[in-house]
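Pasted below: target.cif, mmCIF, C-alpha atoms and all ligand atoms.
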data_upload
loop_
_atom_site.label_atom_id
_atom_site.label_comp_id
_atom_site.auth_asym_id
_atom_site.auth_seq_id
_atom_site.Cartn_x
_atom_site.Cartn_y
_atom_site.Cartn_z
CA MET V 1282 -14.80 20.15 -17.81
CA VAL V 1283 -17.79 19.83 -15.51
CA VAL V 1284 -18.34 16.28 -14.38
CA GLY V 1285 -21.51 15.16 -12.60
CA PHE V 1286 -19.86 13.37 -9.71
CA ASN V 1287 -22.91 14.17 -7.59
CA ALA V 1288 -25.50 13.17 -10.18
CA LEU V 1289 -25.47 9.41 -9.95
CA ASP V 1290 -28.43 7.31 -10.97
CA LEU V 1291 -29.09 4.43 -8.57
CA ASP V 1292 -30.90 2.35 -11.20
CA MET V 1293 -27.93 2.62 -13.54
CA LEU V 1294 -25.57 1.68 -10.74
CA ARG V 1295 -27.67 -1.33 -9.80
CA ALA V 1296 -27.59 -2.47 -13.43
CA ARG V 1297 -23.80 -2.76 -13.28
CA ARG V 1298 -22.44 -6.29 -13.22
CA THR V 1299 -19.55 -5.50 -10.91
CA MET V 1300 -19.19 -7.29 -7.56
CA LYS V 1301 -19.95 -4.05 -5.77
CA TRP V 1302 -23.35 -3.60 -7.35
CA SER V 1303 -24.49 -7.18 -7.82
CA ARG V 1304 -23.50 -9.07 -4.68
CA TYR V 1305 -26.31 -7.83 -2.39
CA PRO V 1306 -30.08 -7.44 -2.75
CA PRO V 1307 -31.32 -4.09 -4.08
CA ASP V 1308 -32.24 -2.73 -0.64
CA VAL V 1309 -28.57 -2.92 0.42
CA LEU V 1310 -26.43 0.12 -0.35
CA PRO V 1311 -22.92 -1.07 -1.27
CA ALA V 1312 -19.98 0.84 0.22
CA TRP V 1313 -17.49 -1.99 0.41
CA VAL V 1314 -15.09 -3.14 -2.36
CA ALA V 1315 -12.70 -0.49 -3.77
CA GLU V 1316 -14.69 0.63 -6.76
CA MET V 1317 -16.10 4.10 -7.35
CA ASP V 1318 -19.56 4.90 -8.66
CA PHE V 1319 -18.73 7.60 -11.21
CA PRO V 1320 -19.02 7.46 -14.98
CA LEU V 1321 -15.66 6.80 -16.64
CA ALA V 1322 -13.24 9.52 -17.67
CA PRO V 1323 -14.09 10.49 -21.27
CA ALA V 1324 -10.48 9.88 -22.40
CA VAL V 1325 -10.52 6.36 -20.97
CA LEU V 1326 -13.89 5.54 -22.49
CA GLU V 1327 -12.88 6.92 -25.86
CA ALA V 1328 -9.64 4.93 -25.90
CA ALA V 1329 -11.39 1.68 -24.99
CA ARG V 1330 -14.16 2.31 -27.54
CA GLY V 1331 -11.57 3.25 -30.14
CA ALA V 1332 -9.75 -0.04 -29.64
CA LEU V 1333 -13.03 -1.95 -29.96
CA ASP V 1334 -14.18 -0.03 -33.01
CA ALA V 1335 -10.83 -0.62 -34.70
CA HIS V 1336 -10.95 -4.34 -33.84
CA ASP V 1337 -7.61 -3.62 -32.17
CA LEU V 1338 -7.60 -6.42 -29.60
CA GLY V 1339 -4.59 -8.51 -30.52
CA TYR V 1340 -1.45 -8.74 -28.38
CA PRO V 1341 -0.77 -5.08 -27.62
CA GLU V 1342 2.54 -3.37 -28.32
CA SER V 1343 3.52 -2.04 -24.92
CA ALA V 1344 6.18 0.52 -25.77
CA GLY V 1345 3.92 3.51 -25.17
CA LEU V 1346 2.71 2.43 -21.73
CA ALA V 1347 5.82 3.14 -19.65
CA GLU V 1348 6.45 6.33 -21.60
CA ALA V 1349 2.90 7.51 -20.81
CA TYR V 1350 3.40 6.77 -17.12
CA ALA V 1351 6.72 8.66 -17.07
CA THR V 1352 4.96 11.65 -18.66
CA TRP V 1353 2.19 11.53 -16.05
CA ALA V 1354 4.61 11.03 -13.14
CA ALA V 1355 6.71 14.00 -14.29
CA ARG V 1356 3.62 16.17 -14.36
CA TYR V 1357 1.87 15.03 -11.19
CA GLN V 1358 4.66 13.69 -9.00
CA GLY V 1359 7.75 15.59 -10.07
CA TRP V 1360 9.84 12.58 -11.07
CA ARG V 1361 10.49 10.91 -14.41
CA PRO V 1362 11.10 7.18 -13.98
CA ASP V 1363 13.02 5.49 -16.79
CA PRO V 1364 10.55 3.78 -19.17
CA ALA V 1365 13.26 1.29 -20.14
CA LEU V 1366 13.13 -0.09 -16.59
CA ALA V 1367 9.36 -0.72 -16.62
CA CYS V 1368 7.13 -3.43 -17.99
CA PRO V 1369 3.40 -4.14 -18.18
CA VAL V 1370 1.75 -6.70 -15.93
CA ALA V 1371 -1.86 -7.81 -15.71
CA ASP V 1372 -2.70 -5.92 -12.54
CA VAL V 1373 -1.18 -4.53 -9.38
CA MET V 1374 -1.28 -7.87 -7.59
CA ALA V 1375 0.63 -9.51 -10.47
CA GLY V 1376 3.26 -6.77 -10.27
CA LEU V 1377 3.62 -7.23 -6.52
CA GLU V 1378 3.95 -10.97 -7.00
CA ALA V 1379 6.64 -10.59 -9.66
CA ALA V 1380 8.63 -8.21 -7.44
CA LEU V 1381 8.25 -10.34 -4.31
CA ARG V 1382 9.53 -13.39 -6.19
CA VAL V 1383 12.74 -11.61 -7.16
CA LEU V 1384 13.43 -9.51 -4.08
CA THR V 1385 12.55 -12.08 -1.40
CA GLU V 1386 12.88 -15.84 -0.93
CA PRO V 1387 10.33 -18.39 0.26
CA GLY V 1388 10.25 -18.31 4.05
CA ASP V 1389 11.32 -14.66 4.23
CA GLY V 1390 9.41 -12.21 6.36
CA VAL V 1391 7.76 -9.33 4.50
CA VAL V 1392 6.76 -6.30 6.55
CA LEU V 1393 3.48 -4.55 5.83
CA LEU V 1394 1.68 -1.68 7.50
CA THR V 1395 -1.43 -2.98 9.23
CA PRO V 1396 -4.36 -2.77 8.90
CA ALA V 1397 -3.65 -3.89 5.32
CA TYR V 1398 -5.43 -4.54 2.02
CA PRO V 1399 -6.56 -8.17 2.64
CA PRO V 1400 -5.24 -9.71 -0.64
CA PHE V 1401 -1.71 -8.81 0.53
CA PHE V 1402 -2.00 -11.48 3.24
CA ALA V 1403 -3.27 -14.02 0.70
CA LEU V 1404 -0.48 -13.18 -1.75
CA LEU V 1405 2.27 -13.55 0.84
CA LYS V 1406 0.82 -16.84 2.00
CA GLN V 1407 0.52 -18.09 -1.57
CA LEU V 1408 4.19 -17.25 -2.18
CA GLY V 1409 5.34 -18.86 1.06
CA ARG V 1410 6.47 -15.51 2.52
CA VAL V 1411 5.63 -14.60 6.10
CA ALA V 1412 3.50 -11.49 6.68
CA VAL V 1413 5.11 -9.42 9.46
CA SER V 1414 2.66 -6.93 10.93
CA TRP V 1415 3.87 -3.31 11.17
CA PRO V 1416 0.92 -1.71 12.99
CA LEU V 1417 0.16 1.94 12.33
CA LEU V 1418 0.02 3.76 15.64
CA ASP V 1419 -3.22 5.52 16.47
CA ARG V 1420 -2.08 8.91 17.77
CA PRO V 1421 -4.14 12.07 18.41
CA ARG V 1422 -2.57 13.75 15.36
CA GLY V 1423 -3.28 10.75 13.12
CA TRP V 1424 -1.88 7.42 11.99
CA THR V 1425 1.84 7.27 12.73
CA VAL V 1426 4.51 4.88 11.42
CA ASP V 1427 6.43 3.06 14.11
CA LEU V 1428 10.03 3.27 12.86
CA GLN V 1429 11.34 1.32 15.83
CA ARG V 1430 9.06 -1.58 14.97
CA LEU V 1431 10.20 -1.55 11.33
CA GLY V 1432 13.83 -1.62 12.44
CA ASP V 1433 13.12 -4.52 14.79
CA ALA V 1434 11.32 -6.52 12.09
CA LEU V 1435 14.19 -6.10 9.63
CA ARG V 1436 16.77 -6.84 12.33
CA ASP V 1437 14.87 -10.03 13.07
CA GLY V 1438 15.28 -11.17 9.49
CA ALA V 1439 12.46 -9.74 7.34
CA ARG V 1440 13.84 -9.07 3.84
CA GLY V 1441 11.13 -7.01 2.23
CA VAL V 1442 8.67 -4.22 2.91
CA LEU V 1443 5.40 -4.22 1.02
CA LEU V 1444 4.56 -0.54 1.28
CA CYS V 1445 1.04 0.60 0.49
CA HIS V 1446 1.49 4.27 -0.30
CA PRO V 1447 -1.02 5.92 -0.08
CA HIS V 1448 -2.25 3.47 2.47
CA ASN V 1449 -5.35 1.32 2.07
CA PRO V 1450 -7.46 1.35 4.30
CA THR V 1451 -6.49 4.50 6.27
CA GLY V 1452 -5.76 6.82 3.35
CA ARG V 1453 -2.50 7.92 5.01
CA VAL V 1454 0.17 9.48 2.79
CA LEU V 1455 3.68 9.28 4.24
CA THR V 1456 5.67 12.52 4.43
CA GLY V 1457 9.10 13.06 2.90
CA GLU V 1458 10.68 12.76 6.36
CA GLU V 1459 8.90 9.48 7.03
CA LEU V 1460 9.92 8.07 3.66
CA THR V 1461 13.53 9.06 4.28
CA ALA V 1462 13.50 7.50 7.72
CA VAL V 1463 12.02 4.27 6.33
CA SER V 1464 14.57 4.16 3.52
CA GLU V 1465 17.49 4.63 5.91
CA ILE V 1466 16.30 1.72 8.05
CA VAL V 1467 15.74 -0.51 5.01
CA ASP V 1468 19.08 0.50 3.51
CA ALA V 1469 20.94 -0.31 6.73
CA ARG V 1470 19.55 -3.86 6.62
CA GLY V 1471 20.06 -4.44 2.87
CA ALA V 1472 16.34 -5.13 2.43
CA HIS V 1473 13.97 -4.01 -0.35
CA VAL V 1474 10.76 -2.02 -0.64
CA ILE V 1475 7.98 -2.82 -3.06
CA SER V 1476 5.82 0.28 -3.18
CA ASP V 1477 2.20 -0.10 -4.26
CA GLU V 1478 1.22 3.41 -5.38
CA VAL V 1479 -2.06 2.61 -7.07
CA HIS V 1480 -4.02 5.12 -4.94
CA ALA V 1481 -1.56 7.98 -5.51
CA PRO V 1482 -3.49 9.68 -8.35
CA LEU V 1483 -6.30 10.33 -5.85
CA SER V 1484 -4.21 12.15 -3.26
CA ALA V 1485 -6.09 15.02 -1.59
CA THR V 1486 -5.53 18.33 -3.36
CA ASP V 1487 -3.69 19.79 -0.35
CA VAL V 1488 -1.36 16.79 0.05
CA SER V 1489 1.84 16.46 -1.89
CA PHE V 1490 2.44 12.82 -2.65
CA ILE V 1491 6.08 11.74 -2.91
CA PRO V 1492 6.73 8.43 -4.68
CA TYR V 1493 8.84 6.18 -2.47
CA ALA V 1494 11.49 5.63 -5.16
CA ALA V 1495 11.80 9.39 -5.64
CA SER V 1496 12.17 10.18 -1.94
CA GLY V 1497 15.97 9.83 -1.89
CA SER V 1498 18.88 7.96 -3.38
CA ALA V 1499 18.73 5.11 -0.85
CA ALA V 1500 15.04 4.57 -1.55
CA GLY V 1501 15.63 4.59 -5.29
CA ALA V 1502 18.38 1.99 -4.94
CA HIS V 1503 16.34 -0.61 -3.08
CA SER V 1504 12.82 -0.29 -4.43
CA VAL V 1505 10.39 -0.91 -7.22
CA THR V 1506 7.04 0.78 -7.78
CA ILE V 1507 3.84 -0.86 -8.91
CA THR V 1508 1.06 1.30 -10.25
CA SER V 1509 -2.00 1.23 -12.47
CA ILE V 1510 -4.95 3.36 -13.52
CA SER V 1511 -7.18 0.69 -11.94
CA LYS V 1512 -8.04 2.72 -8.82
CA GLY V 1513 -7.60 6.35 -9.91
CA TRP V 1514 -9.63 5.93 -13.08
CA ASN V 1515 -11.78 3.14 -11.66
CA VAL V 1516 -11.11 0.40 -14.21
CA PRO V 1517 -9.79 -2.66 -12.30
CA GLY V 1518 -11.69 -4.86 -14.76
CA LEU V 1519 -9.50 -3.64 -17.64
CA LYS V 1520 -6.42 -5.51 -16.36
CA CYS V 1521 -3.29 -3.48 -16.93
CA ALA V 1522 -0.60 -2.28 -14.51
CA LEU V 1523 3.02 -1.20 -14.63
CA LEU V 1524 6.05 -2.50 -12.76
CA GLN V 1525 8.59 0.34 -12.58
CA ALA V 1526 12.11 -0.52 -11.43
CA GLN V 1527 15.16 1.66 -10.80
CA PRO V 1528 18.70 1.08 -12.15
CA ALA V 1529 19.69 -0.84 -9.01
CA THR V 1530 16.55 -3.01 -9.16
CA ALA V 1531 16.48 -3.49 -12.94
CA GLN V 1532 16.66 -7.26 -12.42
CA VAL V 1533 13.05 -7.22 -11.26
CA THR V 1534 11.77 -5.95 -14.61
CA ALA V 1535 14.19 -8.18 -16.50
CA SER V 1536 12.85 -11.23 -14.67
CA VAL V 1537 9.23 -10.73 -15.74
CA PRO V 1538 8.65 -13.29 -18.49
CA LYS V 1539 7.17 -12.28 -21.80
CA TYR V 1540 3.99 -14.29 -21.19
CA GLU V 1541 3.42 -12.35 -17.97
CA ARG V 1542 3.77 -9.01 -19.77
CA LEU V 1543 1.26 -10.18 -22.37
CA ARG V 1544 -1.36 -10.65 -19.67
CA ALA V 1545 -1.95 -6.90 -19.63
CA SER V 1546 -5.04 -6.45 -21.80
CA ALA V 1547 -5.18 -4.49 -25.03
CA LEU V 1548 -8.13 -2.45 -23.74
CA GLY V 1549 -6.35 -1.78 -20.45
CA MET V 1550 -3.22 -0.64 -22.21
CA ALA V 1551 -5.09 1.71 -24.56
CA ALA V 1552 -7.03 3.12 -21.59
CA SER V 1553 -3.91 3.53 -19.44
CA ILE V 1554 -2.01 5.42 -22.13
CA ALA V 1555 -5.04 7.67 -22.61
CA ALA V 1556 -5.45 8.31 -18.87
CA TRP V 1557 -1.77 9.07 -18.30
CA THR V 1558 -1.51 11.42 -21.27
CA ASP V 1559 -4.91 13.09 -20.92
CA ASP V 1560 -5.12 16.80 -20.11
CA GLY V 1561 -5.84 15.86 -16.48
CA GLY V 1562 -9.19 17.65 -16.28
CA TRP V 1563 -11.19 14.63 -15.16
CA ILE V 1564 -8.80 13.38 -12.47
CA ASP V 1565 -8.30 16.92 -11.15
CA GLU V 1566 -12.06 17.34 -10.75
CA LEU V 1567 -12.38 13.93 -9.18
CA ARG V 1568 -9.75 14.84 -6.59
CA VAL V 1569 -11.71 17.97 -5.70
CA HIS V 1570 -14.87 15.89 -5.40
CA LEU V 1571 -13.13 13.35 -3.14
CA ASP V 1572 -11.88 16.22 -0.98
CA ARG V 1573 -15.56 16.97 -0.45
CA THR V 1574 -16.62 13.41 0.36
CA ARG V 1575 -13.66 13.15 2.76
CA ALA V 1576 -14.70 16.41 4.42
CA GLU V 1577 -18.33 15.26 4.65
CA LEU V 1578 -17.19 12.06 6.33
CA SER V 1579 -14.90 13.89 8.78
CA HIS V 1580 -17.74 16.23 9.69
CA TRP V 1581 -20.01 13.25 10.37
CA VAL V 1582 -17.32 11.52 12.46
CA ARG V 1583 -16.93 14.64 14.61
CA ARG V 1584 -20.63 14.85 15.36
CA THR V 1585 -21.30 11.12 15.83
CA PRO V 1586 -20.78 9.74 19.33
CA GLY V 1587 -19.02 6.39 19.40
CA VAL V 1588 -17.33 6.78 16.00
CA ARG V 1589 -13.64 7.62 15.59
CA ALA V 1590 -11.46 8.09 12.52
CA HIS V 1591 -8.52 10.13 11.34
CA PRO V 1592 -9.16 12.12 8.17
CA GLY V 1593 -7.78 10.39 5.09
CA GLN V 1594 -5.25 12.07 2.82
CA ALA V 1595 -5.89 10.12 -0.37
CA GLY V 1596 -8.34 7.86 -2.11
CA TYR V 1597 -11.91 7.06 -1.23
CA LEU V 1598 -11.55 4.51 1.55
CA ALA V 1599 -11.96 5.29 5.23
CA TRP V 1600 -11.02 3.22 8.26
CA LEU V 1601 -13.61 3.79 10.96
CA ASN V 1602 -13.51 2.72 14.59
CA LEU V 1603 -17.04 1.98 15.82
CA ARG V 1604 -15.95 0.24 19.02
CA ASP V 1605 -17.80 2.66 21.24
CA ALA V 1606 -20.91 2.72 19.10
CA GLY V 1607 -22.18 -0.52 20.56
CA LEU V 1608 -22.13 -2.58 17.34
CA GLY V 1609 -19.78 -5.24 18.73
CA ASP V 1610 -16.62 -6.78 17.27
CA ASP V 1611 -18.06 -7.14 13.78
CA PRO V 1612 -19.97 -3.93 13.02
CA ALA V 1613 -19.99 -4.73 9.29
CA ALA V 1614 -22.31 -7.68 9.95
CA VAL V 1615 -24.66 -5.54 12.04
CA LEU V 1616 -24.67 -2.75 9.47
CA LEU V 1617 -25.51 -5.23 6.72
CA ASN V 1618 -28.27 -6.98 8.62
CA ARG V 1619 -29.90 -4.04 10.37
CA GLY V 1620 -28.78 -1.03 8.34
CA ARG V 1621 -28.78 -2.59 4.86
CA LEU V 1622 -25.36 -1.08 4.26
CA ALA V 1623 -22.49 -3.24 2.93
CA VAL V 1624 -19.05 -2.20 4.21
CA SER V 1625 -15.81 -4.16 4.55
CA PRO V 1626 -15.26 -5.95 7.90
CA GLY V 1627 -12.26 -4.59 9.78
CA ARG V 1628 -11.03 -8.02 10.80
CA ASP V 1629 -10.20 -8.86 7.16
CA PHE V 1630 -7.57 -6.10 7.19
CA ALA V 1631 -6.00 -6.94 10.51
CA LEU V 1632 -3.01 -8.93 11.75
CA PRO V 1633 -3.79 -10.24 14.30
CA VAL V 1634 -7.52 -10.21 13.50
CA GLU V 1635 -8.38 -8.65 16.89
CA GLN V 1636 -6.73 -5.45 15.61
CA GLY V 1637 -9.83 -5.15 13.39
CA ASN V 1638 -12.45 -5.62 16.11
CA GLY V 1639 -15.04 -2.86 16.02
CA ARG V 1640 -13.59 -1.49 12.77
CA ILE V 1641 -14.94 -1.15 9.26
CA ARG V 1642 -13.68 0.16 5.95
CA LEU V 1643 -16.15 2.48 4.26
CA ASN V 1644 -16.00 3.39 0.57
CA HIS V 1645 -16.87 7.06 -0.04
CA GLY V 1646 -16.09 7.05 -3.76
CA THR V 1647 -19.61 8.09 -4.60
CA SER V 1648 -21.90 11.12 -4.79
CA LEU V 1649 -22.53 13.26 -1.72
CA PRO V 1650 -26.21 12.17 -1.65
CA LEU V 1651 -25.26 8.47 -1.67
CA LEU V 1652 -22.56 9.03 0.95
CA ARG V 1653 -25.08 10.85 3.15
CA GLU V 1654 -27.46 7.92 2.73
CA ALA V 1655 -24.70 5.50 3.80
CA LEU V 1656 -23.96 7.60 6.89
CA ARG V 1657 -27.67 7.85 7.67
CA ARG V 1658 -27.83 4.05 7.62
CA ILE V 1659 -24.96 3.85 10.10
CA ASP V 1660 -26.66 6.44 12.32
CA SER V 1661 -29.96 4.59 12.31
CA THR V 1662 -28.24 1.26 13.01
CA ILE V 1663 -26.48 2.78 16.01
CA ASP V 1664 -29.81 4.18 17.14
CA THR V 1665 -31.29 0.69 17.21
CA ILE V 1666 -28.73 -0.46 19.76
CA ASP V 1667 -30.40 -0.54 23.16
CA GLY V 1668 -28.99 1.90 25.60
CA HIS V 1669 -26.42 3.40 23.25
CA ARG V 1670 -27.61 6.82 22.25
CA TYR V 1671 -30.66 7.08 24.42
CA PRO V 1672 -29.70 5.36 27.65
C1 LIG B 1701 -3.56 -0.99 -2.32
C2 LIG B 1701 -4.13 -1.85 -3.41
N1 LIG B 1701 -3.30 -2.61 -4.12
C3 LIG B 1701 -3.75 -3.39 -5.11
C4 LIG B 1701 -5.10 -3.45 -5.40
C5 LIG B 1701 -5.55 -4.36 -6.48
O1 LIG B 1701 -5.31 -3.74 -7.71
P1 LIG B 1701 -5.45 -4.58 -9.03
O2 LIG B 1701 -6.90 -4.94 -9.17
O3 LIG B 1701 -4.95 -3.69 -10.12
O4 LIG B 1701 -4.59 -5.80 -8.87
C6 LIG B 1701 -5.99 -2.68 -4.67
C7 LIG B 1701 -7.43 -2.75 -4.94
O5 LIG B 1701 -8.24 -2.21 -4.27
C8 LIG B 1701 -5.50 -1.85 -3.65
O6 LIG B 1701 -6.30 -1.09 -2.92
#

Hey, can you dump this file as structure tokens for me?
Ligand SMILES: Cc1ncc(COP(=O)(O)O)c(C=O)c1O
Amino acid sequence: MVVGFNALDLDMLRARRTMKWSRYPPDVLPAWVAEMDFPLAPAVLEAARGALDAHDLGYPESAGLAEAYATWAARYQGWRPDPALACPVADVMAGLEAALRVLTEPGDGVVLLTPAYPPFFALLKQLGRVAVSWPLLDRPRGWTVDLQRLGDALRDGARGVLLCHPHNPTGRVLTGEELTAVSEIVDARGAHVISDEVHAPLSATDVSFIPYAASGSAAGAHSVTITSISKGWNVPGLKCALLQAQPATAQVTASVPKYERLRASALGMAASIAAWTDDGGWIDELRVHLDRTRAELSHWVRRTPGVRAHPGQAGYLAWLNLRDAGLGDDPAAVLLNRGRLAVSPGRDFALPVEQGNGRIRLNHGTSLPLLREALRRIDSTIDTIDGHRYP
């Protein structure tokens, strides 16, 4: 299969009705919300069209969904979760909510790696749980998990860990040793992990992704996994995700009411089964393409004074530190106003918000030409800052 990941048509993109492509005027290049610019995988498109053509949009029978995921996980991740312990939910956030309700109580602390995907903060607040910041450490070799800090948070009473693995916004994939260390700490405190693995299908081709629940027996006994094709196959609007429990956490799946399971859409379910049982050609090529956009970005970071970032290991989101580029605490605002580039403000991801000062999240899930144009807009914005590059 040869897919034209680099042949994107701007007019077609601008005609999309997604938030990404309709929120800003046409002279703004959008590189913010987590949505990619590529045409859909043929298998996904065919499945959705097939359901429409067959007028097959009633309440979907969900039996095949968990089976399809188990097949995909066995092939790509080397584990075969039990389909009987899984159930459909409307989206990843709904799955996280269902798991948090069972595994934690109102008032409990829930630990999350920060910076974090902003809706996690809103979800915890909505559920009356307390977000406990677990800051990733910025070390010369990359983002590092602070095991001591995790231990302290759980010792101080936090009951859950909302793990984002791979991590949004840094793209960090935890190693087997890190996962084991985390699971030992969680196990010792009798807490639980809810692992959001929605970005896992887009792991870099040289990174081996290990699902948290598959990283050891302790991890399996205290965790659930939430996943979806929404990020990997770029269909968050289709509304379908999977909550996958383990034997020791089976109560989480059992607690999801029937009406909640029926919120997964018929189109989303047909598309998910197709994506997870496809021959893999499209997602494999996409991963190679994203290796290239990641490499392009890293190359730019290395040659751009004032910009710092650690190379990502998965997905198409990058966490950039522009503190020394002279764009102030909120570079996203300056980039939008002067550079006509829409990126996500770092402060939205931070706890406390100051952790996000000078930071942005950039979406590189696009063609190389459009990524280069986004980087050119950052360059020219930096160049407009008096005294920065040409003192
Ligand atoms: C880590 C993570 N979790 C969850 C979501 C939301 O997924 P969904 O739209 O399926 O709820 C996103 C979206 O970007 C995400 O990055």

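Minimum distance to Arg1619 of chain V across V:Leu1598, V:Gly1587, V:Thr1662, V:Ile1564 (counting only C-alpha atoms) occurs at V:Thr1662.
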
In Å to one decimal, how far is atom CA of Ala1481 of chain V from atom CA of Gln1358 of chain V?
9.1 Å

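Counting from atom CA of Leu1617 of chain V, the distance to atom CA of Val1309 of chain V is 7.4 Å.
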
Identify the residues around (-19.6, -1.7, 6.7) within a radius of 7 Å, measuring from all atoms listed in the file in the coordinates stated by the file, and give them as number ranges by chain.
V: 1312-1313, 1612-1613, 1616-1617, 1622-1626, 1641-1643

Selection from above, C-alpha atoms, as a tab-separated table (two decimals), keeping the file's coordinate frame, can you write it?
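Output (again37.tsv):
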chain	number	residue	atom	x	y	z
V	1312	ALA	CA	-19.98	0.84	0.22
V	1313	TRP	CA	-17.49	-1.99	0.41
V	1612	PRO	CA	-19.97	-3.93	13.02
V	1613	ALA	CA	-19.99	-4.73	9.29
V	1616	LEU	CA	-24.67	-2.75	9.47
V	1617	LEU	CA	-25.51	-5.23	6.72
V	1622	LEU	CA	-25.36	-1.08	4.26
V	1623	ALA	CA	-22.49	-3.24	2.93
V	1624	VAL	CA	-19.05	-2.20	4.21
V	1625	SER	CA	-15.81	-4.16	4.55
V	1626	PRO	CA	-15.26	-5.95	7.90
V	1641	ILE	CA	-14.94	-1.15	9.26
V	1642	ARG	CA	-13.68	0.16	5.95
V	1643	LEU	CA	-16.15	2.48	4.26

Nearest to ligand LIG 1701 (chain B) among V:Phe1630, V:Tyr1398, V:Phe1286, V:Tyr1540, with distances taken over all atoms listed in the file: which residue is it?
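The answer is V:Tyr1398, which sits nearest to ligand LIG 1701 (chain B).
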
Taking only residues of chain V that have an atom at most 8 Å from an atom of ligand LIG 1701 (chain B), what is each one's shortest atom pair and its distance in Å to one decimal, using all atoms listed in the file, in chain and number order, as a Markdown table?
| residue | atom | partner | partner_atom | distance |
| --- | --- | --- | --- | --- |
| V:Val1314 | CA | B:LIG1701 | O5 | 7.2 |
| V:Ala1315 | CA | B:LIG1701 | O5 | 4.8 |
| V:Glu1316 | CA | B:LIG1701 | O5 | 7.5 |
| V:Ala1371 | CA | B:LIG1701 | O3 | 7.6 |
| V:Asp1372 | CA | B:LIG1701 | O3 | 4.0 |
| V:Val1373 | CA | B:LIG1701 | O4 | 3.7 |
| V:Met1374 | CA | B:LIG1701 | O4 | 4.1 |
| V:Ala1375 | CA | B:LIG1701 | O4 | 6.6 |
| V:Tyr1398 | CA | B:LIG1701 | C1 | 5.9 |
| V:Pro1400 | CA | B:LIG1701 | C4 | 7.9 |
| V:Phe1401 | CA | B:LIG1701 | N1 | 7.9 |
| V:Cys1445 | CA | B:LIG1701 | C1 | 5.6 |
| V:His1446 | CA | B:LIG1701 | C1 | 7.6 |
| V:Pro1447 | CA | B:LIG1701 | C1 | 7.7 |
| V:His1448 | CA | B:LIG1701 | C1 | 6.7 |
| V:Asn1449 | CA | B:LIG1701 | C1 | 5.3 |
| V:Pro1450 | CA | B:LIG1701 | O6 | 7.7 |
| V:Asp1477 | CA | B:LIG1701 | N1 | 6.0 |
| V:Glu1478 | CA | B:LIG1701 | C1 | 7.2 |
| V:Val1479 | CA | B:LIG1701 | N1 | 6.1 |
| V:His1480 | CA | B:LIG1701 | C1 | 6.7 |
| V:Thr1508 | CA | B:LIG1701 | O3 | 7.8 |
| V:Ser1509 | CA | B:LIG1701 | O3 | 6.2 |
| V:Ile1510 | CA | B:LIG1701 | O3 | 7.8 |
| V:Ser1511 | CA | B:LIG1701 | O3 | 5.2 |
| V:Lys1512 | CA | B:LIG1701 | O5 | 6.7 |
| V:Pro1517 | CA | B:LIG1701 | O2 | 4.8 |
| V:Gly1518 | CA | B:LIG1701 | O2 | 7.4 |
| V:Lys1520 | CA | B:LIG1701 | O3 | 6.7 |
| V:Cys1521 | CA | B:LIG1701 | O3 | 7.0 |
| V:Ala1522 | CA | B:LIG1701 | O3 | 6.3 |
